[in-house]
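Trainee: Sharing a structure with you now.
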Amino acid sequence: QVQLVESGGGLVQAGGSLRLSCEVSGATLSRSTMAWFRQAPGKQRALVAAIIWNGLSTYYADSVKGRFTISRDNAKNAVYLQMNSLKPEDTAVYYCAEDTRYYSITFRMDEDLYGYWGQGTQVTVSS
């Protein structure tokens, strides 16, 4: 059984930093694109960042470019999201997700195309 478990969320002041982690068990993530989505209250879940299977290409939403960094450690079966210069509008539940395709080099925005999800971790940024 594949499980994705996020950690690292919390309450931080604007301008602060957090590092989210996603650990995968039950399967290897080394062949898959991994992504971070977020869902703010009253809004749809949206792709924030993604990284292809070998870590050589990344995607960032315009709203987080230059502030967030996605990375992965295939040996540890984990993916990370370093979030710097946090803003109140970054407040959301953050989800880790695994693309259903193997060895893909493109990114998909549609959450329905991701096969496995974590339970989410709350990030709250106070002003």
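To be explicit about the labels: the chains of the structure tokens are called A, B, and onward in the order shown, and within each one the residues are counted from 1, while ligands get numbers from 1 in the order they are shown.
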Give me the residues within 9 Å of region 79-92 of chain A as an MDAnalysis selection string, counting only C-alpha atoms and dropping any in the same chain fewer than 4 places off.
Mentor: chainID A and resid 12:24 34:36 38:41 49 51 63:64 66:74 96 121:127
Trainee: With a distance cut-off of 10 Å and only C-alpha atoms, select the neighbouring residues of region 75-77 of chain A, excluding the residue or stretch itself and same-chain residues fewer than 6 positions from it, and output the selection as a list in words.
Mentor: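 Those residues are Leu4, Cys22, Glu23, Val24, Ser25, Gly26, Ala27, Thr28, Leu29 and Ser30 of chain A.
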Trainee: Which of these, A:Ser7, A:Ser104, A:Gln1, A:Gln119, has the shortest distance to Leu56 (chain A) once you count only C-alpha atoms?
Mentor: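 Comparing A:Ser7, A:Ser104, A:Gln1, A:Gln119 against Leu56 (chain A), the winner is A:Ser104.
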Trainee: Residues near Asp110 (chain A), anyone? I mean within 10 Å using only C-alpha atoms, not counting same-chain ones fewer than 3 positions away, as a PDB file with C-alpha atoms, in the first residue's frame.
Mentor:
```pdb
ATOM      1  CA  ARG A  45      -6.459  22.884  -5.128  1.00  0.00           C
ATOM      2  CA  ALA A  46      -3.661  24.133  -7.357  1.00  0.00           C
ATOM      3  CA  LEU A  47      -0.214  22.992  -8.392  1.00  0.00           C
ATOM      4  CA  PHE A 107       4.360  18.575 -15.910  1.00  0.00           C
ATOM      5  CA  LEU A 113      -3.801  12.892 -13.128  1.00  0.00           C
ATOM      6  CA  TYR A 114      -1.919  12.303  -9.892  1.00  0.00           C
TER       7      TYR A 114
END
```
Trainee: May I ask for the distance between CA of Gln44 (chain A) and CA of Gly8 (chain A), given in Å to one decimal place?
Mentor: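 Spanning CA of Gln44 (chain A) to CA of Gly8 (chain A) is a straight-line distance of 22.0 Å.
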Trainee: Per DSSP on the backbone, filter chain A down to the residues in strand (DSSP E) and report them as a PyMOL selection string.
Mentor: chain A and resi 3-7+10-13+18-25+32-39+46-51+58-60+68-73+78-83+92-102+114-117+121-126
Trainee: Quick one: distance from CA of Val2 (chain A) to CA of Gly42 (chain A) in Å, one decimal?
Mentor: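 About the pair CA of Val2 (chain A) and CA of Gly42 (chain A): they are 28.9 Å apart.
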Trainee: Report, in Å to a single decimal, how far apart CA of Ser32 (chain A) and CA of Gly118 (chain A) are.
Mentor: 15.1 Å
